[in-house]
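Here is my_file03.txt, consisting of compact mmCIF, C-alpha atoms:
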# COMPACT_ATOMS: atom_id res chain seq x y z
CA MET A 897 186.08 69.14 -14.98
CA LYS A 898 182.48 68.00 -14.77
CA SER A 899 182.91 66.59 -11.32
CA ARG A 900 184.48 69.84 -10.22
CA VAL A 901 181.44 71.82 -11.31
CA ILE A 902 179.14 69.38 -9.55
CA GLY A 903 181.28 69.67 -6.48
CA LEU A 904 181.14 73.44 -6.54
CA LEU A 905 177.42 73.41 -7.11
CA THR A 906 176.88 71.07 -4.20
CA VAL A 907 178.88 73.35 -1.96
CA LEU A 908 176.91 76.35 -3.18
CA ILE A 909 173.57 74.68 -2.54
CA ALA A 910 174.74 73.56 0.88
CA VAL A 911 175.76 77.11 1.74
CA ILE A 912 172.41 78.47 0.58
CA ILE A 913 170.47 75.92 2.61
CA ALA A 914 172.63 76.54 5.63
CA SER A 915 172.17 80.27 5.41
CA CYS A 916 168.43 79.85 4.95
CA GLN A 917 168.31 77.71 8.03
CA SER A 918 170.26 80.17 10.04
CA GLU A 919 167.93 82.90 8.83
CA ASP A 920 165.00 80.89 10.16
CA GLU A 921 166.94 80.28 13.31
CA LEU A 922 167.66 83.98 13.62
CA GLU A 923 164.03 84.86 13.14
CA PHE A 924 163.06 82.36 15.79
CA GLN A 925 165.58 83.83 18.21
CA ARG A 926 164.29 87.31 17.54
CA TYR A 927 160.70 86.33 18.28
CA TYR A 928 161.67 84.18 21.23
CA ASN A 929 163.91 86.73 22.94
CA GLY A 930 161.42 89.56 22.44
CA GLY A 931 158.69 87.28 23.71
CA LYS A 932 160.63 86.44 26.84
CA LYS A 933 160.80 90.11 27.78
CA LEU A 934 157.10 90.59 27.12
CA TYR A 935 156.29 87.48 29.12
CA GLU A 936 158.23 88.78 32.10
CA GLN A 937 156.37 92.09 31.95
CA LYS A 938 152.86 90.96 31.16
CA CYS A 939 152.34 87.34 32.09
CA GLN A 940 154.88 86.12 34.61
CA ASN A 941 153.14 87.53 37.70
CA CYS A 942 150.25 85.21 37.08
CA HIS A 943 151.65 82.26 35.17
CA SER A 944 155.03 82.25 37.03
CA ALA A 945 158.56 82.22 35.68
CA LYS A 946 158.40 78.47 35.19
CA GLY A 947 154.99 78.60 33.53
CA ASP A 948 153.44 76.54 36.31
CA GLY A 949 150.60 78.91 37.22
CA LEU A 950 149.19 79.15 40.74
CA SER A 951 147.36 76.25 42.38
CA ASN A 952 143.85 75.97 40.93
CA LEU A 953 143.59 79.69 40.37
CA ILE A 954 145.81 80.20 37.34
CA PRO A 955 146.54 77.43 34.84
CA PRO A 956 150.06 76.37 33.90
CA LEU A 957 151.27 76.87 30.33
CA THR A 958 152.63 73.37 30.09
CA ASP A 959 149.76 71.57 28.37
CA ALA A 960 151.34 71.12 24.94
CA ILE A 961 148.29 69.37 23.51
CA TYR A 962 145.96 72.17 24.58
CA LEU A 963 148.29 74.81 23.19
CA LYS A 964 148.63 73.02 19.84
CA LYS A 965 144.90 72.45 19.48
CA ASN A 966 144.00 76.03 20.35
CA LYS A 967 146.74 77.96 18.57
CA ALA A 968 144.34 80.47 17.03
CA LEU A 969 142.39 80.88 20.25
CA LEU A 970 145.56 81.75 22.17
CA ALA A 971 145.98 84.96 20.20
CA CYS A 972 142.39 85.96 20.98
CA MET A 973 142.89 85.13 24.68
CA VAL A 974 145.96 87.31 24.95
CA LYS A 975 144.38 90.20 23.05
CA TYR A 976 140.88 90.19 24.54
CA GLY A 977 141.37 88.40 27.84
CA ILE A 978 139.33 85.52 29.23
CA LYS A 979 136.13 85.74 31.24
CA GLU A 980 133.70 83.16 32.57
CA THR A 981 135.20 80.34 30.58
CA ILE A 982 136.05 76.93 31.94
CA ILE A 983 139.39 75.76 30.60
CA THR A 984 140.79 72.29 31.14
CA ILE A 985 144.57 72.17 31.39
CA ASN A 986 146.50 69.00 32.20
CA GLY A 987 143.19 67.41 33.22
CA LYS A 988 142.28 70.11 35.76
CA SER A 989 139.59 72.70 35.12
CA TYR A 990 140.13 76.39 35.71
CA GLU A 991 137.65 79.19 35.85
CA GLY A 992 139.30 82.51 36.37
CA ALA A 993 139.67 85.81 34.63
CA MET A 994 142.62 86.87 32.55
CA PRO A 995 142.97 90.55 31.67
CA ALA A 996 143.12 91.74 28.06
CA ASN A 997 146.51 92.78 26.69
CA ASP A 998 146.28 95.34 23.95
CA LEU A 999 149.47 94.24 22.23
CA ALA A 1000 150.37 94.70 18.56
CA PRO A 1001 150.08 91.50 16.50
CA VAL A 1002 153.87 91.24 16.27
CA ASP A 1003 154.13 91.34 20.06
CA ILE A 1004 151.43 88.72 20.45
CA ALA A 1005 153.43 86.63 17.98
CA LYS A 1006 156.54 87.09 20.08
CA VAL A 1007 154.99 86.29 23.42
CA LEU A 1008 153.21 83.24 22.05
CA THR A 1009 156.39 82.05 20.37
CA TYR A 1010 158.04 82.28 23.75
CA VAL A 1011 155.23 80.46 25.57
CA THR A 1012 154.88 77.70 23.00
CA ASN A 1013 158.63 77.06 23.01
CA SER A 1014 159.26 77.19 26.74
CA PHE A 1015 158.16 75.13 29.74
CA GLY A 1016 158.65 71.93 27.77
CA ASN A 1017 156.71 73.10 24.69
CA LYS A 1018 158.23 73.06 21.22
CA MET A 1019 155.96 74.44 18.54
CA GLY A 1020 158.34 76.64 16.57
CA VAL A 1021 157.89 80.25 15.58
CA ILE A 1022 154.43 81.84 15.32
CA LYS A 1023 154.77 84.69 12.87
CA SER A 1024 153.13 88.06 12.98
CA GLU A 1025 151.18 87.45 9.73
CA VAL A 1026 149.72 84.29 11.20
CA ILE A 1027 148.60 86.21 14.26
CA ASP A 1028 146.86 88.73 12.00
CA ARG A 1029 144.88 85.87 10.54
CA TYR A 1030 144.07 84.41 13.95
CA LEU A 1031 142.92 87.77 15.30
CA ALA A 1032 140.59 88.29 12.35
CA GLY A 1033 138.82 85.12 13.43
CA CYS A 1034 138.30 86.08 17.09
CA LYS A 1035 134.74 85.97 18.31
CA MET B 753 200.83 72.47 76.64
CA LYS B 754 199.97 74.75 79.49
CA GLN B 755 199.71 77.61 77.06
CA LEU B 756 197.33 75.65 74.98
CA THR B 757 195.09 74.94 77.94
CA GLY B 758 195.15 78.62 78.78
CA LEU B 759 194.17 79.51 75.27
CA LEU B 760 191.37 77.01 75.34
CA PHE B 761 190.13 78.49 78.59
CA ILE B 762 190.11 82.01 77.20
CA THR B 763 188.31 80.87 74.09
CA LEU B 764 185.71 79.21 76.23
CA ILE B 765 185.13 82.37 78.21
CA LEU B 766 184.81 84.42 75.06
CA PHE B 767 182.45 81.90 73.66
CA SER B 768 180.16 81.95 76.66
CA ALA B 769 180.28 85.74 76.66
CA CYS B 770 179.02 85.70 73.12
CA LYS B 771 176.26 83.35 74.04
CA PHE B 772 175.30 85.51 76.96
CA ASN B 773 175.03 88.51 74.68
CA ALA B 774 172.95 86.66 72.18
CA ALA B 775 170.42 85.80 74.84
CA GLU B 776 170.14 89.43 75.90
CA THR B 777 169.29 90.99 72.57
CA PRO B 778 166.36 89.73 70.54
CA LYS B 779 167.41 88.16 67.27
CA LEU B 780 164.83 90.08 65.31
CA PRO B 781 164.36 93.84 65.58
CA ILE B 782 161.24 95.31 67.16
CA TYR B 783 159.67 97.91 64.90
CA GLY B 784 157.44 100.81 65.79
CA ASN B 785 157.48 103.71 68.18
CA ARG B 786 158.48 102.99 71.68
CA ASP B 787 157.56 104.89 74.80
CA THR B 788 159.03 104.68 78.21
CA VAL B 789 156.81 104.51 81.20
CA SER B 790 157.78 104.80 84.81
CA LYS B 791 156.01 102.60 87.25
CA MET B 792 156.30 101.54 90.82
CA VAL B 793 157.51 98.02 91.37
CA ASN B 794 157.92 96.90 94.97
CA GLY B 795 158.12 100.48 96.08
CA LYS B 796 160.81 101.37 93.55
CA MET B 797 160.51 103.52 90.43
CA VAL B 798 161.24 101.43 87.34
CA VAL B 799 161.50 102.69 83.77
CA ASP B 800 160.06 100.29 81.26
CA SER B 801 159.77 100.57 77.49
CA VAL B 802 156.47 100.03 75.79
CA TYR B 803 156.41 99.05 72.14
CA ALA B 804 153.81 99.85 69.55
CA THR B 805 151.44 96.96 69.09
CA ILE B 806 148.78 96.09 66.54
CA PRO B 807 145.52 97.52 67.94
CA ASP B 808 142.15 95.77 68.25
CA PHE B 809 140.25 94.93 65.12
CA LYS B 810 137.21 92.95 64.11
CA PHE B 811 136.85 91.17 60.79
CA VAL B 812 135.27 88.05 59.38
CA ASN B 813 137.18 85.14 57.84
CA GLN B 814 136.50 82.91 54.84
CA TYR B 815 134.32 80.62 56.97
CA GLY B 816 132.14 83.53 58.07
CA ASP B 817 133.57 83.43 61.62
CA SER B 818 134.18 86.66 63.43
CA ILE B 819 137.89 87.28 63.99
CA THR B 820 139.23 89.86 66.41
CA SER B 821 142.72 90.69 67.51
CA LYS B 822 142.03 88.42 70.49
CA SER B 823 141.77 85.50 68.11
CA LEU B 824 145.48 86.03 67.49
CA ASN B 825 146.51 86.01 71.14
CA GLY B 826 149.38 83.60 71.55
CA TYR B 827 150.17 83.36 67.87
CA VAL B 828 153.11 84.44 65.78
CA TYR B 829 151.55 85.61 62.54
CA VAL B 830 152.24 87.04 59.10
CA ALA B 831 149.87 89.66 57.69
CA ASP B 832 149.42 90.90 54.15
CA PHE B 833 146.93 92.84 52.05
CA PHE B 834 145.50 91.64 48.74
CA PHE B 835 142.33 91.28 46.69
CA THR B 836 141.16 88.24 44.78
CA THR B 837 140.90 89.96 41.39
CA CYS B 838 144.30 91.64 41.64
CA PRO B 839 146.04 91.21 38.30
CA SER B 840 149.47 92.43 39.27
CA ILE B 841 151.46 91.44 42.31
CA CYS B 842 148.97 89.43 44.37
CA PRO B 843 149.46 86.16 42.49
CA VAL B 844 153.20 86.50 43.05
CA MET B 845 152.70 87.27 46.73
CA HIS B 846 150.42 84.34 47.29
CA ARG B 847 152.58 81.97 45.28
CA ASN B 848 155.28 82.89 47.80
CA MET B 849 152.92 82.82 50.79
CA LEU B 850 151.98 79.26 49.86
CA LYS B 851 155.57 78.30 50.69
CA VAL B 852 155.26 79.87 54.13
CA TYR B 853 151.96 78.01 54.51
CA ALA B 854 153.51 74.73 53.47
CA ASP B 855 156.30 75.19 56.03
CA TYR B 856 154.15 76.09 59.02
CA LYS B 857 150.60 74.91 58.45
CA ASN B 858 150.92 72.27 61.16
CA VAL B 859 152.51 74.58 63.73
CA SER B 860 149.92 75.24 66.43
CA ASP B 861 151.00 78.77 67.39
CA PHE B 862 151.35 80.21 63.90
CA LYS B 863 148.88 81.91 61.56
CA ILE B 864 148.70 83.84 58.31
CA ILE B 865 146.12 86.59 57.83
CA SER B 866 145.41 88.15 54.46
CA HIS B 867 143.22 91.23 54.51
CA THR B 868 141.24 91.96 51.38
CA ILE B 869 141.36 95.62 50.39
CA ASP B 870 138.35 95.13 48.11
CA PRO B 871 135.64 93.98 50.55
CA LYS B 872 132.87 94.94 48.16
CA HIS B 873 133.83 92.23 45.70
CA ASP B 874 135.56 89.86 48.10
CA SER B 875 132.60 88.64 50.12
CA VAL B 876 132.88 85.64 52.44
CA PRO B 877 131.86 83.13 49.70
CA VAL B 878 134.32 84.71 47.25
CA LEU B 879 137.11 84.38 49.81
CA LYS B 880 136.14 80.78 50.54
CA LYS B 881 136.26 79.94 46.84
CA TYR B 882 139.65 81.62 46.55
CA ALA B 883 140.92 79.63 49.53
CA ASP B 884 139.66 76.39 47.99
CA LYS B 885 141.34 77.14 44.69
CA MET B 886 144.57 78.03 46.46
CA GLY B 887 144.37 74.70 48.25
CA ILE B 888 144.27 76.19 51.73
CA SER B 889 142.07 74.66 54.40
CA GLY B 890 141.84 74.55 58.18
CA GLN B 891 142.55 77.47 60.48
CA THR B 892 146.17 78.37 59.69
CA TRP B 893 145.49 80.89 56.94
CA TRP B 894 142.59 83.29 57.36
CA LEU B 895 141.36 85.54 54.59
CA LEU B 896 139.80 88.51 56.36
CA GLN B 897 137.08 90.81 55.17
CA GLY B 898 135.70 93.88 56.92
CA LYS B 899 134.94 97.55 56.53
CA LYS B 900 137.22 99.10 53.96
CA GLU B 901 138.08 102.01 56.28
CA ASP B 902 139.01 99.61 59.07
CA THR B 903 141.29 97.60 56.82
CA TYR B 904 142.98 100.66 55.36
CA GLN B 905 143.34 102.23 58.77
CA LEU B 906 144.98 99.10 60.11
CA GLY B 907 147.28 98.85 57.11
CA GLU B 908 148.32 102.44 56.96
CA LYS B 909 148.34 103.42 60.59
CA SER B 910 149.42 100.26 62.35
CA TYR B 911 151.63 98.37 59.98
CA LEU B 912 152.91 100.96 57.54
CA VAL B 913 153.47 104.08 59.62
CA ALA B 914 155.61 102.09 61.95
CA VAL B 915 157.80 101.11 59.01
CA LYS B 916 158.15 104.62 57.77
CA GLU B 917 159.02 106.07 61.12
CA ASP B 918 161.35 103.40 62.23
CA SER B 919 163.26 101.82 59.43
CA GLY B 920 162.99 104.11 56.45
CA THR B 921 161.42 101.33 54.41
CA PRO B 922 159.60 102.85 51.45
CA GLY B 923 155.91 103.40 51.95
CA GLY B 924 152.93 102.42 49.87
CA TYR B 925 152.95 99.12 51.58
CA VAL B 926 149.35 98.29 50.88
CA HIS B 927 150.15 98.23 47.19
CA GLN B 928 153.69 96.99 47.44
CA GLY B 929 152.97 93.59 48.80
CA TRP B 930 154.71 93.59 52.15
CA PHE B 931 154.52 90.58 54.40
CA VAL B 932 154.56 91.77 58.01
CA LEU B 933 155.77 89.45 60.75
CA VAL B 934 154.13 89.97 64.13
CA ASP B 935 155.08 88.35 67.43
CA LYS B 936 152.95 86.97 70.24
CA GLN B 937 152.94 90.37 71.95
CA LYS B 938 151.53 91.85 68.71
CA ARG B 939 154.70 93.78 67.94
CA VAL B 940 155.96 94.05 64.37
CA ARG B 941 159.19 92.08 64.03
CA GLY B 942 159.88 92.08 60.32
CA TYR B 943 158.97 93.44 56.90
CA TYR B 944 159.50 91.38 53.76
CA ASP B 945 158.73 92.12 50.13
CA GLY B 946 156.21 89.39 49.34
CA THR B 947 157.08 89.52 45.65
CA ASP B 948 160.75 88.76 46.26
CA GLU B 949 161.56 85.09 46.65
CA LYS B 950 164.77 85.76 48.57
CA GLN B 951 163.06 87.97 51.14
CA VAL B 952 160.34 85.41 51.54
CA ASP B 953 162.99 82.77 52.21
CA LYS B 954 164.31 85.07 54.93
CA LEU B 955 160.81 85.36 56.36
CA ARG B 956 160.50 81.58 56.43
CA ALA B 957 163.68 81.40 58.50
CA ASP B 958 162.73 84.33 60.74
CA ILE B 959 159.39 82.75 61.66
CA LYS B 960 161.32 79.83 63.09
CA THR B 961 163.50 82.21 65.10
CA LEU B 962 160.49 84.06 66.40
CA LEU B 963 158.63 80.90 67.35
CA ALA B 964 161.68 79.83 69.33
CA GLU B 965 161.85 83.11 71.19
CA THR B 966 160.58 82.79 74.72
CA ASN B 967 157.19 84.14 75.56
CA THR B 968 158.58 86.33 78.29
CA THR B 969 158.88 89.97 77.41
CA ILE B 970 162.31 90.89 76.22
CA ALA B 971 163.95 93.65 78.15
CA GLN B 972 164.86 96.66 76.04
What do you get writing this file as structure tokens?
Amino acid sequence: MKSRVIGLLTVLIAVIIASCQSEDELEFQRYYNGGKKLYEQKCQNCHSAKGDGLSNLIPPLTDAIYLKKNKALLACMVKYGIKETIITINGKSYEGAMPANDLAPVDIAKVLTYVTNSFGNKMGVIKSEVIDRYLAGCK
Amino acid sequence: MKQLTGLLFITLILFSACKFNAAETPKLPIYGNRDTVSKMVNGKMVVDSVYATIPDFKFVNQYGDSITSKSLNGYVYVADFFFTTCPSICPVMHRNMLKVYADYKNVSDFKIISHTIDPKHDSVPVLKKYADKMGISGQTWWLLQGKKEDTYQLGEKSYLVAVKEDSGTPGGYVHQGWFVLVDKQKRVRGYYDGTDEKQVDKLRADIKTLLAETNTTIAQ
């Protein structure tokens, strides 16, 4: 009898964990898929479909270390654009201009989730609330 | 056996007929208005067709050298219009043009010319910097700057109008990122959407065809 209850409980817990995970997974997919569309509309011209940029004019989005280190800054870059800033990506320096994108925080979250989980990057979901926080800190 | 030989013979004739035809018609179309002129040759009246050609122009390239239409005598070239701060289609166009450049940069009778449509911002030093960042050097790819009116006139009147009148290709070419292929007689031989990888692949193949075309004027 006792072992049966334990067995049932284990199954129950397993189901809960599994469903939680799939919820996370679902949320990730939602962000990622939405982000892909936004990327194609707003970023792909410059950064290319493969995220490899354009010569020394436009940096690739493949520098995982840079992206991880500057997570908060990325949101500000997308929202307010970049001007007269030297950025070093994969050991090469870039000095160009990137236009501002007046996207809602949730859309910035989506597009950055896409970027930071494509082109060889794997940083997981960046949620809308987190973007709110990042944006509040933009200079 | 005899029959087979006969068949082979017929096939051969057909084959050579095909070949003969292929040599007669140019492989790439010739765009633009054409006029016929009558002239006297050896005392006989001959009717000849005259194709629209790209007219004279004078610009300056990224090295500060003066470039005229004469500078392109004897070259097959591809022309496009862009500006260095263009946020939309220009990066796509030039990502694709870099492939054309990579294919043909060592071919002595080929050039690429990119006209800036924003000469106020795109001065010679700005164009040189852009070229350096793109990784283009030497004399194969010229970035040309000049009077805005001259550039627009050339784009709209010489390259675009010809498209509209001849092939029904949609207009607005200056903003739509067309790559225009021009032959050694300065006649337009192809239009390609510079933002479309497939069309650019076609261009890369067509350049080869055009370079192989003889320099003699093609009849009709």
Which residues of chain A come within 9 Å of chain B, and what is each one's closest atom pair and distance in Å (one decimal), counting all atoms listed in the file, sorted by chain and residue number, as CSV?
residue,atom,partner,partner_atom,distance
A:Lys938,CA,B:Ser840,CA,8.9
A:Gln940,CA,B:Val844,CA,8.6
A:Asn941,CA,B:Val844,CA,5.4
A:Cys942,CA,B:Pro843,CA,5.5
A:His943,CA,B:Pro843,CA,8.6
A:Ser944,CA,B:Val844,CA,7.6
A:Gly949,CA,B:Arg847,CA,8.8
A:Leu950,CA,B:Arg847,CA,6.3
A:Ser951,CA,B:Met886,CA,5.3
A:Asn952,CA,B:Lys885,CA,4.7
A:Leu953,CA,B:Lys885,CA,5.5
A:Ile954,CA,B:Pro843,CA,8.7
A:Ala993,CA,B:Thr837,CA,8.0
A:Met994,CA,B:Pro839,CA,8.0
A:Pro995,CA,B:Pro839,CA,7.3
Dump as a VMD selection string all residues having an atom at most 10 Å from (134.4, 93.8, 65.7), computed in the file's coordinates with only C-alpha atoms.
chain B and resid 808 to 812 818 to 821 898 to 899 902
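Computed from the coordinates, the atom CA of A:Gly987 to atom CA of A:Ile1022 distance equals 25.6 Å.
Computed from the coordinates, the atom CA of A:Met973 to atom CA of A:Asn929 distance equals 21.2 Å.
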All residues 9 Å or closer to A:Glu1025, all atoms listed in the file, same chain fewer than 6 positions away omitted, as a PDB file with C-alpha atoms, in the frame of the given file:
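Contents of the output file part26.pdb:
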ATOM      1  CA  PRO A1001     150.080  91.500  16.500  1.00  0.00           C
ATOM      2  CA  VAL A1002     153.870  91.240  16.270  1.00  0.00           C
ATOM      3  CA  ALA A1005     153.430  86.630  17.980  1.00  0.00           C
TER       4      ALA A1005
END
Where is the centre and how long are the edges: axis-aligned box on stretch 975-986 of chain A, 8 Å on each side, Å to one decimal, as lines of an AutoDock Vina configuration file:
center_x = 140.1
center_y = 79.6
center_z = 27.8
size_x = 28.8
size_y = 37.2
size_z = 25.5
Take the point (139.7, 82.2, 13.4) as written in the file and pick out every residue within 10 Å of it, counting only C-alpha atoms; give the list as a PyMOL selection string.
chain A and resi 967-969+971-972+1027-1035
Which residues are near B:Leu824? Cut-off 10 Å, all atoms listed in the file, ignore same chain within fewer than 3 positions. Put them as a ChimeraX atom specification.
/B:819-821,827-829,861-865,935-938
Please dump the current selection as a short mmCIF file (atom, residue, chain, number, x, y, z; two decimals), in the frame of the given file; keep C-alpha atoms.
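Saved result, part34.cif, follows:
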data_model
loop_
_atom_site.label_atom_id
_atom_site.label_comp_id
_atom_site.auth_asym_id
_atom_site.auth_seq_id
_atom_site.Cartn_x
_atom_site.Cartn_y
_atom_site.Cartn_z
CA ILE B 819 137.89 87.28 63.99
CA THR B 820 139.23 89.86 66.41
CA SER B 821 142.72 90.69 67.51
CA TYR B 827 150.17 83.36 67.87
CA VAL B 828 153.11 84.44 65.78
CA TYR B 829 151.55 85.61 62.54
CA ASP B 861 151.00 78.77 67.39
CA PHE B 862 151.35 80.21 63.90
CA LYS B 863 148.88 81.91 61.56
CA ILE B 864 148.70 83.84 58.31
CA ILE B 865 146.12 86.59 57.83
CA ASP B 935 155.08 88.35 67.43
CA LYS B 936 152.95 86.97 70.24
CA GLN B 937 152.94 90.37 71.95
CA LYS B 938 151.53 91.85 68.71
#
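Each of A:Val907, A:Val1007, A:Leu957, A:Ile902 was compared to A:Gln937 using all atoms listed in the file, and A:Val1007 turns out to be the nearest.
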Counting only C-alpha atoms, which of B:Tyr803, B:Gln891, B:Asp832, B:Gln951 gets nearest to B:Glu908?
B:Asp832
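Here atom CA of A:Ile912 stands at a distance of 24.7 Å from atom CA of A:Met1019.
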Quick one: residues within 6 Å of B:Gln814, only C-alpha atoms counted, chain neighbours fewer than 4 positions away excluded, as a PyMOL selection string?
chain B and resi 876+879-880+895
Store the residues of this selection in a file with C-alpha atoms, as a PDB file, in the frame of the given file.
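What landed in out_20.pdb:
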ATOM      1  CA  VAL B 876     132.880  85.640  52.440  1.00  0.00           C
ATOM      2  CA  LEU B 879     137.110  84.380  49.810  1.00  0.00           C
ATOM      3  CA  LYS B 880     136.140  80.780  50.540  1.00  0.00           C
ATOM      4  CA  LEU B 895     141.360  85.540  54.590  1.00  0.00           C
TER       5      LEU B 895
END
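Between A:Val974 and the candidates A:Leu934, A:Val901, A:Leu922, A:Ile961, the tightest atom-to-atom separation, counting all atoms listed in the file, involves A:Leu934.
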Residues near B:Ile806, anyone? I mean within 8 Å using only C-alpha atoms, not counting same-chain ones fewer than 5 positions away, as a VMD selection string.
chain B and resid 910 to 911 938 to 940
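Proximity to A:Asp948 was assessed for A:Ile985, A:Arg926, A:Lys898, A:Ser918 counting only C-alpha atoms; the smallest distance is recorded for A:Ile985.
If only C-alpha atoms are the atoms counted, then among A:Val1026, A:Val1011, A:Leu908, A:Ala945 the closest residue to A:Asp959 is A:Val1011.
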Write stretch 935-958 of chain B as a short mmCIF file (atom, residue, chain, number, x, y, z; two decimals), in the frame of the given file, completed to N, CA and C atoms.
data_model
loop_
_atom_site.label_atom_id
_atom_site.label_comp_id
_atom_site.auth_asym_id
_atom_site.auth_seq_id
_atom_site.Cartn_x
_atom_site.Cartn_y
_atom_site.Cartn_z
N ASP B 935 154.80 89.33 66.37
CA ASP B 935 155.08 88.35 67.43
C ASP B 935 153.89 88.15 68.36
N LYS B 936 154.07 87.32 69.36
CA LYS B 936 152.95 86.97 70.24
C LYS B 936 152.49 88.14 71.10
N GLN B 937 153.35 89.16 71.24
CA GLN B 937 152.94 90.37 71.95
C GLN B 937 152.38 91.41 70.98
N LYS B 938 152.11 90.99 69.75
CA LYS B 938 151.53 91.85 68.71
C LYS B 938 152.45 93.02 68.31
N ARG B 939 153.75 92.77 68.40
CA ARG B 939 154.70 93.78 67.94
C ARG B 939 155.23 93.37 66.58
N VAL B 940 155.43 94.36 65.70
CA VAL B 940 155.96 94.05 64.37
C VAL B 940 157.44 93.69 64.48
N ARG B 941 157.82 92.55 63.91
CA ARG B 941 159.19 92.08 64.03
C ARG B 941 159.91 91.94 62.70
N GLY B 942 159.19 92.16 61.60
CA GLY B 942 159.88 92.08 60.32
C GLY B 942 159.00 92.50 59.16
N TYR B 943 159.65 93.08 58.14
CA TYR B 943 158.97 93.44 56.90
C TYR B 943 159.67 92.73 55.75
N TYR B 944 158.91 92.13 54.86
CA TYR B 944 159.50 91.38 53.76
C TYR B 944 158.71 91.70 52.51
N ASP B 945 159.40 91.90 51.41
CA ASP B 945 158.73 92.12 50.13
C ASP B 945 158.18 90.77 49.65
N GLY B 946 156.86 90.66 49.67
CA GLY B 946 156.21 89.39 49.34
C GLY B 946 156.36 88.98 47.89
N THR B 947 156.89 89.88 47.06
CA THR B 947 157.08 89.52 45.65
C THR B 947 158.51 89.05 45.38
N ASP B 948 159.34 89.09 46.43
CA ASP B 948 160.75 88.76 46.26
C ASP B 948 161.05 87.42 46.94
N GLU B 949 161.37 86.44 46.14
CA GLU B 949 161.56 85.09 46.65
C GLU B 949 162.61 85.03 47.76
N LYS B 950 163.68 85.79 47.59
CA LYS B 950 164.77 85.76 48.57
C LYS B 950 164.31 86.29 49.92
N GLN B 951 163.55 87.41 49.88
CA GLN B 951 163.06 87.97 51.14
C GLN B 951 162.06 87.04 51.80
N VAL B 952 161.30 86.35 50.97
CA VAL B 952 160.34 85.41 51.54
C VAL B 952 161.07 84.21 52.18
N ASP B 953 162.17 83.83 51.59
CA ASP B 953 162.99 82.77 52.21
C ASP B 953 163.50 83.23 53.57
N LYS B 954 163.86 84.51 53.65
CA LYS B 954 164.31 85.07 54.93
C LYS B 954 163.17 85.03 55.95
N LEU B 955 161.99 85.40 55.49
CA LEU B 955 160.81 85.36 56.36
C LEU B 955 160.60 83.94 56.90
N ARG B 956 160.74 82.96 56.01
CA ARG B 956 160.50 81.58 56.43
C ARG B 956 161.47 81.17 57.54
N ALA B 957 162.69 81.69 57.46
CA ALA B 957 163.68 81.40 58.50
C ALA B 957 163.38 82.19 59.77
N ASP B 958 162.98 83.47 59.58
CA ASP B 958 162.73 84.33 60.74
C ASP B 958 161.54 83.86 61.57
#
